[in-house]
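S.K.: Provided below: model_12.csv, containing CSV, C-alpha atoms.
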```
chain,number,residue,atom,x,y,z
E,1,GLY,CA,123.1,42.2,-167.5
E,2,ALA,CA,123.0,46.0,-167.1
E,3,VAL,CA,126.8,46.6,-167.1
E,4,VAL,CA,128.2,50.1,-167.4
E,5,SER,CA,131.9,50.6,-168.1
E,6,GLN,CA,134.1,53.6,-167.9
E,7,HIS,CA,137.4,54.4,-169.6
E,8,PRO,CA,140.0,55.2,-168.4
E,9,SER,CA,139.8,54.0,-164.8
E,10,ARG,CA,142.6,56.3,-163.8
E,11,VAL,CA,144.1,59.3,-165.5
E,12,ILE,CA,146.7,61.8,-164.6
E,13,CYS,CA,147.0,65.0,-166.6
E,14,LYS,CA,148.8,68.3,-166.4
E,15,SER,CA,147.1,71.5,-165.5
E,16,GLY,CA,145.7,73.3,-168.5
E,17,THR,CA,145.1,70.2,-170.6
E,18,SER,CA,141.8,68.4,-171.4
E,19,VAL,CA,140.9,64.9,-170.7
E,20,LYS,CA,138.0,62.8,-172.0
E,21,ILE,CA,136.2,60.1,-170.0
E,22,GLU,CA,134.0,57.5,-171.7
E,23,CYS,CA,130.9,55.9,-170.3
E,24,ARG,CA,129.4,52.9,-172.1
E,25,SER,CA,126.4,50.7,-171.5
E,26,LEU,CA,127.6,47.3,-172.6
E,27,ASP,CA,124.5,45.2,-172.9
E,28,PHE,CA,121.6,47.6,-173.0
E,29,GLN,CA,120.7,50.9,-174.6
E,30,ALA,CA,120.7,53.9,-172.3
E,31,THR,CA,118.4,56.7,-173.3
E,32,THR,CA,119.7,58.7,-170.4
E,33,MET,CA,123.2,58.9,-168.8
E,34,PHE,CA,124.2,60.8,-165.7
E,35,TRP,CA,127.6,62.2,-164.7
E,36,TYR,CA,128.5,62.5,-161.0
E,37,ARG,CA,131.5,63.8,-159.2
E,38,GLN,CA,132.7,62.6,-155.8
E,39,PHE,CA,135.4,64.2,-153.7
E,40,PRO,CA,137.2,62.2,-151.0
E,41,LYS,CA,135.0,61.2,-148.1
E,42,GLN,CA,132.0,62.9,-149.6
E,43,SER,CA,128.8,61.9,-151.4
E,44,LEU,CA,128.1,61.8,-155.1
E,45,MET,CA,127.1,65.1,-156.6
E,46,LEU,CA,125.1,65.1,-159.9
E,47,MET,CA,126.8,67.2,-162.5
E,48,ALA,CA,124.6,66.7,-165.5
E,49,THR,CA,122.0,64.6,-167.2
E,50,SER,CA,122.6,63.5,-170.7
E,51,ASN,CA,119.9,62.4,-173.2
E,52,GLU,CA,120.9,60.7,-176.4
E,53,GLY,CA,120.9,63.1,-179.3
E,54,SER,CA,120.2,66.3,-177.3
E,55,LYS,CA,122.1,68.7,-175.2
E,56,ALA,CA,123.0,67.8,-171.6
E,57,THR,CA,121.2,69.4,-168.7
E,58,TYR,CA,123.7,70.7,-166.1
E,59,GLU,CA,123.1,71.1,-162.4
E,60,GLN,CA,123.4,74.5,-160.8
E,61,GLY,CA,127.0,75.6,-160.3
E,62,VAL,CA,128.4,73.2,-162.9
E,63,GLU,CA,130.1,75.0,-165.8
E,64,LYS,CA,128.9,73.6,-169.1
E,65,ASP,CA,131.8,75.0,-171.0
E,66,LYS,CA,134.3,73.3,-168.8
E,67,PHE,CA,132.6,70.0,-168.5
E,68,LEU,CA,131.6,69.1,-172.1
E,69,ILE,CA,129.2,66.2,-172.4
E,70,ASN,CA,128.4,64.3,-175.6
E,71,HIS,CA,125.8,61.5,-175.8
E,72,ALA,CA,126.1,60.6,-179.5
E,73,SER,CA,124.7,57.1,-179.2
E,74,LEU,CA,122.5,55.0,-177.0
E,75,THR,CA,125.5,53.2,-175.6
E,76,LEU,CA,128.1,56.0,-175.2
E,77,SER,CA,128.4,59.2,-173.4
E,78,THR,CA,131.6,61.2,-173.0
E,79,LEU,CA,132.7,63.8,-170.4
E,80,THR,CA,135.5,66.1,-171.4
E,81,VAL,CA,137.1,68.2,-168.7
E,82,THR,CA,138.6,71.1,-170.5
E,83,SER,CA,141.5,73.2,-169.2
E,84,ALA,CA,141.8,71.0,-166.2
E,85,HIS,CA,143.1,72.4,-162.9
E,86,PRO,CA,144.1,70.6,-159.7
E,87,GLU,CA,140.7,71.4,-158.1
E,88,ASP,CA,139.1,69.3,-160.8
E,89,SER,CA,140.9,66.2,-159.4
E,90,SER,CA,138.1,63.9,-158.3
E,91,PHE,CA,136.3,60.6,-158.8
E,92,TYR,CA,134.0,60.9,-161.8
E,93,ILE,CA,131.2,58.3,-162.0
E,94,CYS,CA,128.6,57.8,-164.7
E,95,SER,CA,125.3,55.9,-164.6
E,96,ALA,CA,122.9,54.9,-167.3
E,97,ARG,CA,119.1,54.5,-167.3
E,98,VAL,CA,116.7,52.7,-169.6
E,99,GLY,CA,113.8,54.8,-170.7
E,100,ALA,CA,112.0,56.6,-167.9
E,101,GLY,CA,112.5,53.9,-165.4
E,102,TYR,CA,113.8,54.5,-162.0
E,103,GLU,CA,116.9,52.4,-161.8
E,104,GLN,CA,120.3,53.7,-162.7
E,105,TYR,CA,123.2,51.4,-163.4
E,106,PHE,CA,126.5,52.8,-162.3
E,107,GLY,CA,130.0,52.6,-163.8
E,108,PRO,CA,133.1,51.8,-161.8
E,109,GLY,CA,134.3,55.4,-161.8
E,110,THR,CA,137.3,57.3,-163.2
E,111,ARG,CA,139.9,58.8,-160.9
E,112,LEU,CA,141.2,62.0,-162.3
E,113,THR,CA,144.3,63.6,-160.9
E,114,VAL,CA,145.4,67.0,-162.3
E,115,THR,CA,149.0,67.9,-161.5
T,1,GLY,CA,125.0,69.9,-158.1
T,2,GLU,CA,122.7,68.9,-155.3
T,3,SER,CA,123.9,66.7,-152.5
T,4,VAL,CA,124.6,66.7,-148.9
T,5,GLY,CA,128.4,66.9,-149.2
T,6,LEU,CA,129.3,66.4,-145.5
T,7,HIS,CA,132.1,64.3,-144.1
T,8,LEU,CA,130.9,60.8,-143.5
T,9,PRO,CA,129.8,59.5,-140.1
T,10,THR,CA,131.0,56.0,-139.1
T,11,LEU,CA,129.1,53.0,-137.7
T,12,SER,CA,131.2,50.3,-136.1
T,13,VAL,CA,129.6,47.0,-135.4
T,14,GLN,CA,130.8,43.6,-134.3
T,15,GLU,CA,130.8,40.8,-136.9
T,16,GLY,CA,127.5,38.9,-136.5
T,17,ASP,CA,125.6,41.8,-135.1
T,18,ASN,CA,122.8,43.6,-136.9
T,19,SER,CA,123.5,47.1,-138.4
T,20,ILE,CA,121.1,49.9,-138.8
T,21,ILE,CA,122.1,52.8,-141.1
T,22,ASN,CA,119.9,55.8,-141.2
T,23,CYS,CA,119.2,58.5,-143.7
T,24,ALA,CA,117.1,61.6,-143.8
T,25,TYR,CA,115.8,62.7,-147.2
T,26,SER,CA,114.8,66.2,-148.2
T,27,ASN,CA,111.9,66.1,-150.6
T,28,SER,CA,108.5,64.9,-149.6
T,29,ALA,CA,107.6,64.5,-153.2
T,30,SER,CA,110.3,61.9,-153.9
T,31,ASP,CA,108.8,58.7,-155.1
T,32,TYR,CA,111.6,56.2,-155.1
T,33,PHE,CA,114.5,55.4,-152.8
T,34,ILE,CA,117.6,53.3,-153.1
T,35,TRP,CA,120.4,52.1,-150.9
T,36,TYR,CA,123.8,51.8,-152.4
T,37,LYS,CA,127.0,50.3,-151.2
T,38,GLN,CA,130.3,51.8,-152.3
T,39,GLU,CA,133.7,50.1,-151.7
T,40,SER,CA,136.9,52.1,-151.9
T,41,GLY,CA,137.7,53.2,-155.4
T,42,LYS,CA,134.6,51.7,-157.0
T,43,GLY,CA,131.2,52.9,-158.2
T,44,PRO,CA,128.0,52.5,-156.2
T,45,GLN,CA,126.5,49.0,-156.0
T,46,PHE,CA,122.7,48.6,-155.8
T,47,ILE,CA,121.5,47.0,-152.6
T,48,ILE,CA,117.8,47.5,-152.3
T,49,ASP,CA,115.1,49.9,-153.3
T,50,ILE,CA,111.6,50.9,-152.2
T,51,ARG,CA,108.8,52.9,-153.7
T,52,SER,CA,107.0,55.6,-151.8
T,53,ASN,CA,103.8,53.6,-151.6
T,54,MET,CA,105.5,51.1,-149.4
T,55,ASP,CA,107.0,51.3,-145.9
T,56,LYS,CA,109.1,48.2,-145.8
T,57,ARG,CA,110.9,45.9,-148.2
T,58,GLN,CA,113.1,42.9,-147.5
T,59,GLY,CA,115.9,41.4,-149.4
T,60,GLN,CA,118.5,38.9,-148.6
T,61,ARG,CA,119.9,39.9,-145.2
T,62,VAL,CA,118.8,43.5,-145.8
T,63,THR,CA,115.6,45.4,-145.0
T,64,VAL,CA,114.7,49.0,-145.9
T,65,LEU,CA,112.2,50.9,-143.9
T,66,LEU,CA,110.6,54.1,-145.1
T,67,ASN,CA,108.9,56.6,-142.9
T,68,LYS,CA,107.4,59.3,-145.1
T,69,THR,CA,106.0,61.3,-142.1
T,70,VAL,CA,109.4,62.2,-141.0
T,71,LYS,CA,111.2,61.7,-144.3
T,72,HIS,CA,113.4,59.0,-142.9
T,73,LEU,CA,114.9,55.9,-144.5
T,74,SER,CA,116.8,53.1,-142.8
T,75,LEU,CA,118.8,50.1,-144.0
T,76,GLN,CA,119.0,47.1,-141.7
T,77,ILE,CA,121.7,44.5,-142.3
T,78,ALA,CA,121.3,41.2,-140.5
T,79,ALA,CA,124.3,39.2,-139.3
T,80,THR,CA,126.8,41.8,-140.5
T,81,GLN,CA,129.9,40.3,-142.1
T,82,PRO,CA,133.4,41.8,-142.8
T,83,GLY,CA,132.5,42.0,-146.5
T,84,ASP,CA,129.8,44.5,-145.6
T,85,SER,CA,132.4,47.1,-144.7
T,86,ALA,CA,131.9,49.9,-147.1
T,87,VAL,CA,130.3,53.3,-147.4
T,88,TYR,CA,126.5,53.2,-147.7
T,89,PHE,CA,124.5,55.9,-149.4
T,90,CYS,CA,120.8,56.4,-149.6
T,91,ALA,CA,119.4,58.2,-152.7
T,92,GLU,CA,116.0,59.7,-153.5
T,93,ASN,CA,114.5,60.0,-156.9
T,94,ARG,CA,113.3,63.6,-157.4
T,95,VAL,CA,110.2,63.7,-159.5
T,96,ASP,CA,111.1,67.2,-160.7
T,97,GLY,CA,113.9,66.2,-163.1
T,98,ASN,CA,113.6,62.5,-162.6
T,99,LYS,CA,117.1,62.3,-161.1
T,100,LEU,CA,118.8,60.8,-158.0
T,101,VAL,CA,120.0,62.9,-155.1
T,102,PHE,CA,122.4,61.2,-152.8
T,103,GLY,CA,122.5,61.5,-149.0
T,104,ALA,CA,125.7,62.1,-147.1
T,105,GLY,CA,126.7,58.5,-146.6
T,106,THR,CA,127.7,56.4,-143.7
T,107,ILE,CA,130.9,54.4,-143.3
T,108,LEU,CA,130.2,50.9,-141.9
T,109,ARG,CA,133.2,49.2,-140.2
T,110,VAL,CA,132.7,45.6,-139.2
T,111,LYS,CA,135.0,44.3,-136.5
T,112,SER,CA,136.0,40.7,-136.4
```
Kindly transcribe the structure held in the file into structure tokens.
M.R.:
Amino acid sequence: GAVVSQHPSRVICKSGTSVKIECRSLDFQATTMFWYRQFPKQSLMLMATSNEGSKATYEQGVEKDKFLINHASLTLSTLTVTSAHPEDSSFYICSARVGAGYEQYFGPGTRLTVT
Amino acid sequence: GESVGLHLPTLSVQEGDNSIINCAYSNSASDYFIWYKQESGKGPQFIIDIRSNMDKRQGQRVTVLLNKTVKHLSLQIAATQPGDSAVYFCAENRVDGNKLVFGAGTILRVKS
């Protein structure tokens, strides 16, 4: 149980284009989803917290107009990287949480490469 | 976002030895701590957790120790195996915001 999937697992896009990453909780309903970014050989950095039906809360320094988050249902959150640039190339990981509990269930990550 | 985005230290151990991975956390008000294992190109995998009202918790081959006085967390892996090779992260749950903040991570290399 508690499986989180991400799609796509890898994506390559050209500079200036937008790319959407999906995060799904497969066997549970997630009231909260989180989006993280991880650069090579570094730790996970929280980008934003997404609650179903409401606007996402972004961490300091993360541009909300560049990283659009939509959490339209209890099983799906999407992250859209708009006008992507090579410096946006990273490993994007989502996680999902049930209610106000502590535990987060992580997805397998999406490798974004911007050329 | 918050994190300690430093380059990762490496711990090399011989197969069969015990491993101890350490982590310093930042917020004395954090109430829940987790250790994750991350293999290359994959998402973090839950290993073990501990709440702030405990100082030790044991799982299968793993033990987590929490020292709130010095804000230190450790993960002990008994009889380390090649399959344990990965990056290990600690994370603390910040009560202000109810979110996880990850530590810097440690690369564990197991030599056969």
S.K.: Residues within 12 Å of E:Gly1, please, as JSON, numbers by chain. Count all atoms listed in the file; anything in the same chain fewer than 3 positions from it doesn't count.
M.R.: {"E": [4, 25, 26, 27, 28, 29, 105]}
S.K.: Residues at most 7 Å from E:Ser18, counting all atoms listed in the file, excluding those fewer than 5 positions away in the same chain, as a ChimeraX atom specification?
M.R.: /E:80-84
S.K.: Interatomic distance between atom CA of T:Ala79 and atom CA of T:Val62?
M.R.: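 Interatomic distance, atom CA of T:Ala79 to atom CA of T:Val62: 9.5 Å.
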S.K.: Please provide the set of residues having any atom within 12 Å of stretch 71-73 of chain T, restricted to only C-alpha atoms, with same-chain residues fewer than 3 positions apart removed, written as a ChimeraX atom specification.
M.R.: /T:20-35,48-52,54-57,63-68,76,89-92,103
S.K.: Residues of the last selection are to be written out with C-alpha atoms, as a JSON list (two decimals), keeping the file's coordinate frame.
M.R.:
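New file part-v6.json:
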```
[["chain", "number", "residue", "atom", "x", "y", "z"],
["T", 20, "ILE", "CA", 121.10, 49.90, -138.80],
["T", 21, "ILE", "CA", 122.10, 52.80, -141.10],
["T", 22, "ASN", "CA", 119.90, 55.80, -141.20],
["T", 23, "CYS", "CA", 119.20, 58.50, -143.70],
["T", 24, "ALA", "CA", 117.10, 61.60, -143.80],
["T", 25, "TYR", "CA", 115.80, 62.70, -147.20],
["T", 26, "SER", "CA", 114.80, 66.20, -148.20],
["T", 27, "ASN", "CA", 111.90, 66.10, -150.60],
["T", 28, "SER", "CA", 108.50, 64.90, -149.60],
["T", 29, "ALA", "CA", 107.60, 64.50, -153.20],
["T", 30, "SER", "CA", 110.30, 61.90, -153.90],
["T", 31, "ASP", "CA", 108.80, 58.70, -155.10],
["T", 32, "TYR", "CA", 111.60, 56.20, -155.10],
["T", 33, "PHE", "CA", 114.50, 55.40, -152.80],
["T", 34, "ILE", "CA", 117.60, 53.30, -153.10],
["T", 35, "TRP", "CA", 120.40, 52.10, -150.90],
["T", 48, "ILE", "CA", 117.80, 47.50, -152.30],
["T", 49, "ASP", "CA", 115.10, 49.90, -153.30],
["T", 50, "ILE", "CA", 111.60, 50.90, -152.20],
["T", 51, "ARG", "CA", 108.80, 52.90, -153.70],
["T", 52, "SER", "CA", 107.00, 55.60, -151.80],
["T", 54, "MET", "CA", 105.50, 51.10, -149.40],
["T", 55, "ASP", "CA", 107.00, 51.30, -145.90],
["T", 56, "LYS", "CA", 109.10, 48.20, -145.80],
["T", 57, "ARG", "CA", 110.90, 45.90, -148.20],
["T", 63, "THR", "CA", 115.60, 45.40, -145.00],
["T", 64, "VAL", "CA", 114.70, 49.00, -145.90],
["T", 65, "LEU", "CA", 112.20, 50.90, -143.90],
["T", 66, "LEU", "CA", 110.60, 54.10, -145.10],
["T", 67, "ASN", "CA", 108.90, 56.60, -142.90],
["T", 68, "LYS", "CA", 107.40, 59.30, -145.10],
["T", 76, "GLN", "CA", 119.00, 47.10, -141.70],
["T", 89, "PHE", "CA", 124.50, 55.90, -149.40],
["T", 90, "CYS", "CA", 120.80, 56.40, -149.60],
["T", 91, "ALA", "CA", 119.40, 58.20, -152.70],
["T", 92, "GLU", "CA", 116.00, 59.70, -153.50],
["T", 103, "GLY", "CA", 122.50, 61.50, -149.00]]
```
S.K.: By how many Å are atom CA of E:His85 and atom CA of E:Glu63 apart?
M.R.: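 Distance between the two atoms: 13.6 Å.
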S.K.: Could you list the residues in chain T lying within 10 Å of chain E, using only C-alpha atoms, and format the result as number ranges by chain?
M.R.: T: 1-9, 31-34, 38, 41-46, 49, 51, 87-91, 93, 97-107
S.K.: Do you have the atom CA of E:Val19-atom CA of E:Gln6 distance handy?
M.R.: 13.5 Å
S.K.: For a quick check of understanding, using all atoms listed in the file, which of T:Ala78, T:Val95, T:Ala86, T:Val70 has the smallest distance to T:Tyr36?
M.R.: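 Checking each candidate against T:Tyr36, we get T:Ala86 as the closest.
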